[in-house]
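Student: The following block contains the structure, expressed as structure tokens.
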Amino acid sequence: MSLVAGASSADLYLVLACLGFAALLFCHNRKAIFLALLLATPSIPLLKNAINEDRPCEGWLTCPDDSGMPSGHSAIAFIFAAGSLGSPSFWFFFPAALVVGFSREYWGAHSMAQVASGAGLGVALFFISEELLIYFGAIKRRTHWKVKRFVKKRILAMRKAKKAGNKLDAPAMQSSKAGWPKVRRR
Amino acid sequence: MKELYRKLFHITFGAIIAGGIWVLGRDDGLAALFVALIAGLVLIQWKLSGFEEKVIDFFLSKMERKVTIPGIGALMFLLGAILALSFSKTVGFAVVVLLVFAFGDGASTLVGMKGSHRIFYNKRKTWEGSLAFFFTASAVSVFFLGPTALVLCFILAIVESLPIPFDDNFTITLAGAALSYIL
């Protein structure tokens with residue numbers, strides 16, 4: 001935790017690079033993540049200068065010179081958390097984002113309000129980037145892979161039931177409220 | 001009918017959040033919204049993983065538009081509240097922006113659906129909806145800001161009617177927060 005919390009601005013890029021590499025491997029919507037990071041790079045310092053709120057600077061961490069609102073670390077960490085929504089990598093990026101956010105508060109670099117603001121900004125930047133890319137036709141509006149897999153499984157189950165002849169008696173066809181046959185999970 | 005439920009929830013949810021922020025103040029309010037954001041992200045991931053829960057599914061079936069991410073509307077509202085509270089000059093102004101957004105956006109959708117006069121620069125919106133936004137939001141915010149509220153609501157009604165590709169939770173709250181430094 002101290003490693004993450006005590007990161008100077010140079011270490012920030014190291015963490016960013018590691019997370020970016022992991023995102024390249026695991027995240028299905030990497031274009032939106034990178035655009036969000038590009039948008040975050042100028043917007044966070046600009047907002048810090050505009051709001052000009054002091055850091056709490058308690059504890060032994062060397063206090064950075066710039067203003068504290070919003071927290072850049074949490075914004076970047078939460079861009080990855082939002083980008084991995086709907087995929088298993090969320091369970092890596094989301095706790096990582098929480099560790100980054102809470103450790104910044106724990107070591108006195110930011111107040112909880114600054115961390116919350118950074119987290120909100122990060123998630124918002126991701127969704128704004130995604131909308132921008134969809135608007136300019138760079139990506140299609142996504143259906144998450146898990147949902148896709150579920151729908152695919154259900155369609156296969158329906159076909160199987162149809163082949164079996166009688167829809168109601170077919171073993172794969174246990175109709176749910178939504179009209180979809182239920183699929184047995186592994 | 002779904003849109004009516006959705007917007008009534010939108011207005012109630014907005015009024016509760018604005019009242020909560022007024023009571024808690026900026027720092028505690030942001031901390032509470034942060035907790036809600038964390039819970040929201042986990043719930044969305046949980047739903048996307050295919051799990052079902054009667055209460056959550058009931059709310060989603062009654063209020064959610066046809067979207068790929070379940071609960072994204074509520075998450076966007078939370079993000080809008082965080083942005084408004086973070087970047088407004090004072091807590092009071094952030095509360096007013098949230099009230100304007102909650103009541104104005106709700107009224108504009110409900111009235112705009114029945115309207116027939118399309119706005120020339122955005123065919124998806126109607127003049128009736130924008131006027132409903134202005135009058136409802138002004139009626140709510142004039143008690144807090146006085147005549148300044150009319151200027152705020154006028155500008156935010158224009159922002160709401162623009163054909164911007166982003167969610168209006170972001171555009172209205174960010175525009176409101178920016179106006180807190182000017183008005």
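Naming scheme: A, B, ... for chains in displayed order of the structure tokens; residues 1 onward per chain; ligands 1 onward as shown.
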With a distance cut-off of 9 Å and only C-alpha atoms, select the neighbouring residues of B:Phe144, excluding the residue or stretch itself and same-chain residues fewer than 4 positions from it, and output the selection as a ChimeraX atom specification.
Tutor: /B:92-93,96,140,149
Student: Determine, for each residue of chain A having at least one atom at most 7 Å from an atom of chain B, the closest pair of atoms and their separation in Å to one decimal, counting only C-alpha atoms; order by chain and ascending number, as a tab-separated table.
Tutor:
```
residue	atom	partner	partner_atom	distance
A:Leu85	CA	B:Gln45	CA	5.9
A:Gly86	CA	B:Leu48	CA	5.5
A:Met112	CA	B:Ala31	CA	6.2
A:Ala113	CA	B:Asp27	CA	5.0
A:Ala116	CA	B:Phe34	CA	5.1
A:Ser117	CA	B:Ser86	CA	5.7
A:Gly120	CA	B:Leu79	CA	5.6
A:Leu121	CA	B:Leu83	CA	6.8
A:Ala124	CA	B:Leu79	CA	6.5
A:Ile128	CA	B:Phe166	CA	6.1
A:Glu131	CA	B:Phe166	CA	6.2
A:Tyr135	CA	B:Pro165	CA	6.7
A:Thr143	CA	B:Thr68	CA	5.7
A:Lys146	CA	B:Ser49	CA	5.9
A:Val147	CA	B:Leu48	CA	6.2
```
Student: Grab the residues selected above and save them as a compact mmCIF listing (two decimals), in the first residue's frame with C-alpha atoms.
Tutor:
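Output file selection-v1.txt follows:
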```txt
# COMPACT_ATOMS: atom_id res chain seq x y z
CA LEU A 85 -16.85 -3.41 -16.24
CA GLY A 86 -18.49 -6.56 -17.56
CA MET A 112 -11.55 11.56 1.07
CA ALA A 113 -13.51 14.21 -0.85
CA ALA A 116 -14.10 10.64 -4.34
CA SER A 117 -13.96 13.48 -6.83
CA GLY A 120 -16.07 10.14 -10.15
CA LEU A 121 -14.07 12.05 -12.74
CA ALA A 124 -17.12 9.87 -16.09
CA ILE A 128 -17.46 10.22 -22.15
CA GLU A 131 -19.59 7.89 -26.22
CA TYR A 135 -20.25 8.99 -32.06
CA THR A 143 -22.76 -5.73 -25.53
CA LYS A 146 -20.66 -12.08 -20.40
CA VAL A 147 -24.06 -10.97 -21.56
```
Student: Please list as a list of chain:residue names every residue within 7 Å of A:Ile44, counting only C-alpha atoms and excluding residues in the same chain fewer than 3 positions away.
Tutor: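 Answer for this query is A:Ala40, A:Thr41, A:Leu47, A:Lys48, A:Pro70, A:Gly72.
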Student: For A:Asn52, please output as JSON, numbers by chain all residues within 9 Å (counting only C-alpha atoms; exclusion window: fewer than 5 positions along the same chain).
Tutor: {"A": [47, 66, 67, 68, 69]}
Student: So how far away is atom CA of B:Leu183 from atom CA of B:Ser141, in Å?
Tutor: 13.8 Å
Student: Kindly give the distance, in Å, that separates atom CA of A:Asn29 and atom CA of A:Gly83, rounded to a single decimal.
Tutor: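 Computed distance, atom CA of A:Asn29 to atom CA of A:Gly83, equals 6.5 Å.
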Student: Identify, with DSSP run on backbone atoms, the residues in stretch 35-168 of chain A assigned to helix (DSSP H, G or I), and express the list as an MDAnalysis selection string.
Tutor: chainID A and resid 35:51 72:83 90:106 112:135 145:163
Student: Save out the residues we just selected, C-alpha atoms, as an mmCIF file, in the first residue's frame.
Tutor:
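Contents of out19.cif, as written:
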```cif
data_model
loop_
_atom_site.group_PDB
_atom_site.id
_atom_site.type_symbol
_atom_site.label_atom_id
_atom_site.label_comp_id
_atom_site.auth_asym_id
_atom_site.auth_seq_id
_atom_site.Cartn_x
_atom_site.Cartn_y
_atom_site.Cartn_z
ATOM 1 C CA LEU A 35 -8.842 7.985 -25.008
ATOM 2 C CA ALA A 36 -9.964 8.520 -21.409
ATOM 3 C CA LEU A 37 -6.311 8.574 -20.303
ATOM 4 C CA LEU A 38 -5.534 11.075 -23.058
ATOM 5 C CA LEU A 39 -8.417 13.280 -21.887
ATOM 6 C CA ALA A 40 -7.338 12.914 -18.241
ATOM 7 C CA THR A 41 -3.766 14.050 -18.909
ATOM 8 C CA PRO A 42 -4.632 17.729 -19.516
ATOM 9 C CA SER A 43 -7.971 17.891 -17.679
ATOM 10 C CA ILE A 44 -6.748 16.839 -14.213
ATOM 11 C CA PRO A 45 -3.991 19.504 -13.908
ATOM 12 C CA LEU A 46 -6.376 22.099 -15.377
ATOM 13 C CA LEU A 47 -9.059 21.254 -12.802
ATOM 14 C CA LYS A 48 -6.465 21.226 -10.018
ATOM 15 C CA ASN A 49 -5.383 24.738 -10.969
ATOM 16 C CA ALA A 50 -8.952 25.984 -11.359
ATOM 17 C CA ILE A 51 -10.256 24.626 -8.044
ATOM 18 C CA GLY A 72 -5.193 12.206 -10.290
ATOM 19 C CA HIS A 73 -4.188 8.762 -8.988
ATOM 20 C CA SER A 74 -7.781 7.756 -8.231
ATOM 21 C CA ALA A 75 -9.048 9.226 -11.511
ATOM 22 C CA ILE A 76 -6.615 7.104 -13.521
ATOM 23 C CA ALA A 77 -7.215 3.994 -11.425
ATOM 24 C CA PHE A 78 -10.989 4.335 -11.797
ATOM 25 C CA ILE A 79 -10.716 4.783 -15.589
ATOM 26 C CA PHE A 80 -9.386 1.224 -15.662
ATOM 27 C CA ALA A 81 -12.028 0.005 -13.198
ATOM 28 C CA ALA A 82 -14.842 1.456 -15.319
ATOM 29 C CA GLY A 83 -13.223 0.179 -18.524
ATOM 30 C CA PHE A 90 -12.931 -5.941 -13.185
ATOM 31 C CA TRP A 91 -12.161 -8.004 -10.088
ATOM 32 C CA PHE A 92 -8.511 -7.025 -10.486
ATOM 33 C CA PHE A 93 -8.860 -3.391 -11.536
ATOM 34 C CA PHE A 94 -11.638 -2.451 -9.118
ATOM 35 C CA PRO A 95 -9.869 -3.537 -5.895
ATOM 36 C CA ALA A 96 -6.673 -1.998 -7.290
ATOM 37 C CA ALA A 97 -8.514 1.310 -7.796
ATOM 38 C CA LEU A 98 -9.857 1.132 -4.238
ATOM 39 C CA VAL A 99 -6.354 0.462 -2.876
ATOM 40 C CA VAL A 100 -4.989 3.436 -4.817
ATOM 41 C CA GLY A 101 -7.810 5.725 -3.651
ATOM 42 C CA PHE A 102 -7.867 4.751 0.016
ATOM 43 C CA SER A 103 -4.080 4.685 0.315
ATOM 44 C CA ARG A 104 -3.875 8.255 -1.004
ATOM 45 C CA GLU A 105 -6.242 9.265 1.774
ATOM 46 C CA TYR A 106 -4.499 7.066 4.380
ATOM 47 C CA MET A 112 -11.551 11.561 1.068
ATOM 48 C CA ALA A 113 -13.510 14.206 -0.854
ATOM 49 C CA GLN A 114 -10.590 14.660 -3.272
ATOM 50 C CA VAL A 115 -10.318 10.892 -3.773
ATOM 51 C CA ALA A 116 -14.102 10.639 -4.345
ATOM 52 C CA SER A 117 -13.962 13.478 -6.830
ATOM 53 C CA GLY A 118 -11.081 11.818 -8.700
ATOM 54 C CA ALA A 119 -12.923 8.495 -8.805
ATOM 55 C CA GLY A 120 -16.068 10.137 -10.151
ATOM 56 C CA LEU A 121 -14.067 12.049 -12.738
ATOM 57 C CA GLY A 122 -12.268 8.874 -13.861
ATOM 58 C CA VAL A 123 -15.479 6.885 -14.366
ATOM 59 C CA ALA A 124 -17.123 9.874 -16.091
ATOM 60 C CA LEU A 125 -14.107 10.324 -18.421
ATOM 61 C CA PHE A 126 -14.301 6.674 -19.431
ATOM 62 C CA PHE A 127 -17.989 6.890 -20.341
ATOM 63 C CA ILE A 128 -17.455 10.220 -22.154
ATOM 64 C CA SER A 129 -14.615 8.639 -24.181
ATOM 65 C CA GLU A 130 -16.745 5.636 -25.027
ATOM 66 C CA GLU A 131 -19.593 7.886 -26.223
ATOM 67 C CA LEU A 132 -17.136 9.963 -28.274
ATOM 68 C CA LEU A 133 -15.720 6.876 -29.983
ATOM 69 C CA ILE A 134 -19.219 5.564 -30.727
ATOM 70 C CA TYR A 135 -20.253 8.989 -32.060
ATOM 71 C CA TRP A 145 -18.966 -10.403 -23.351
ATOM 72 C CA LYS A 146 -20.658 -12.084 -20.397
ATOM 73 C CA VAL A 147 -24.062 -10.970 -21.562
ATOM 74 C CA LYS A 148 -23.162 -12.046 -25.080
ATOM 75 C CA ARG A 149 -22.142 -15.467 -23.818
ATOM 76 C CA PHE A 150 -25.369 -15.787 -21.858
ATOM 77 C CA VAL A 151 -27.498 -14.853 -24.840
ATOM 78 C CA LYS A 152 -25.517 -17.226 -27.066
ATOM 79 C CA LYS A 153 -26.018 -20.078 -24.591
ATOM 80 C CA ARG A 154 -29.723 -19.404 -24.421
ATOM 81 C CA ILE A 155 -30.080 -19.292 -28.212
ATOM 82 C CA LEU A 156 -28.245 -22.626 -28.439
ATOM 83 C CA ALA A 157 -30.562 -24.073 -25.789
ATOM 84 C CA MET A 158 -33.593 -22.887 -27.753
ATOM 85 C CA ARG A 159 -32.299 -24.456 -30.957
ATOM 86 C CA LYS A 160 -31.640 -27.692 -29.106
ATOM 87 C CA ALA A 161 -35.182 -27.637 -27.756
ATOM 88 C CA LYS A 162 -36.565 -26.954 -31.233
ATOM 89 C CA LYS A 163 -34.644 -29.887 -32.655
#
```
Student: Between atom CA of B:Lys123 and atom CA of B:Asp105, what distance in Å does the model show, to one decimal?
Tutor: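 These atoms are spaced 17.2 Å apart.
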Student: Report as a PyMOL selection string all protein, DNA and RNA residues lying within 10 Å of B:Glu160, evaluated on only C-alpha atoms, omitting residues in the same chain fewer than 2 positions from it.
Tutor: chain B and resi 101+104-105+108+125+129-130+133+154-158+162-164+167-169+171-172+175
Student: Per DSSP on the backbone, what are the strand (DSSP E or B) residues of stretch 21-183 of chain B, as a list of chain:residue names?
Tutor: B:Arg118, B:Ile119, B:Asn122, B:Lys123, B:Arg124, B:Lys125, B:Thr126
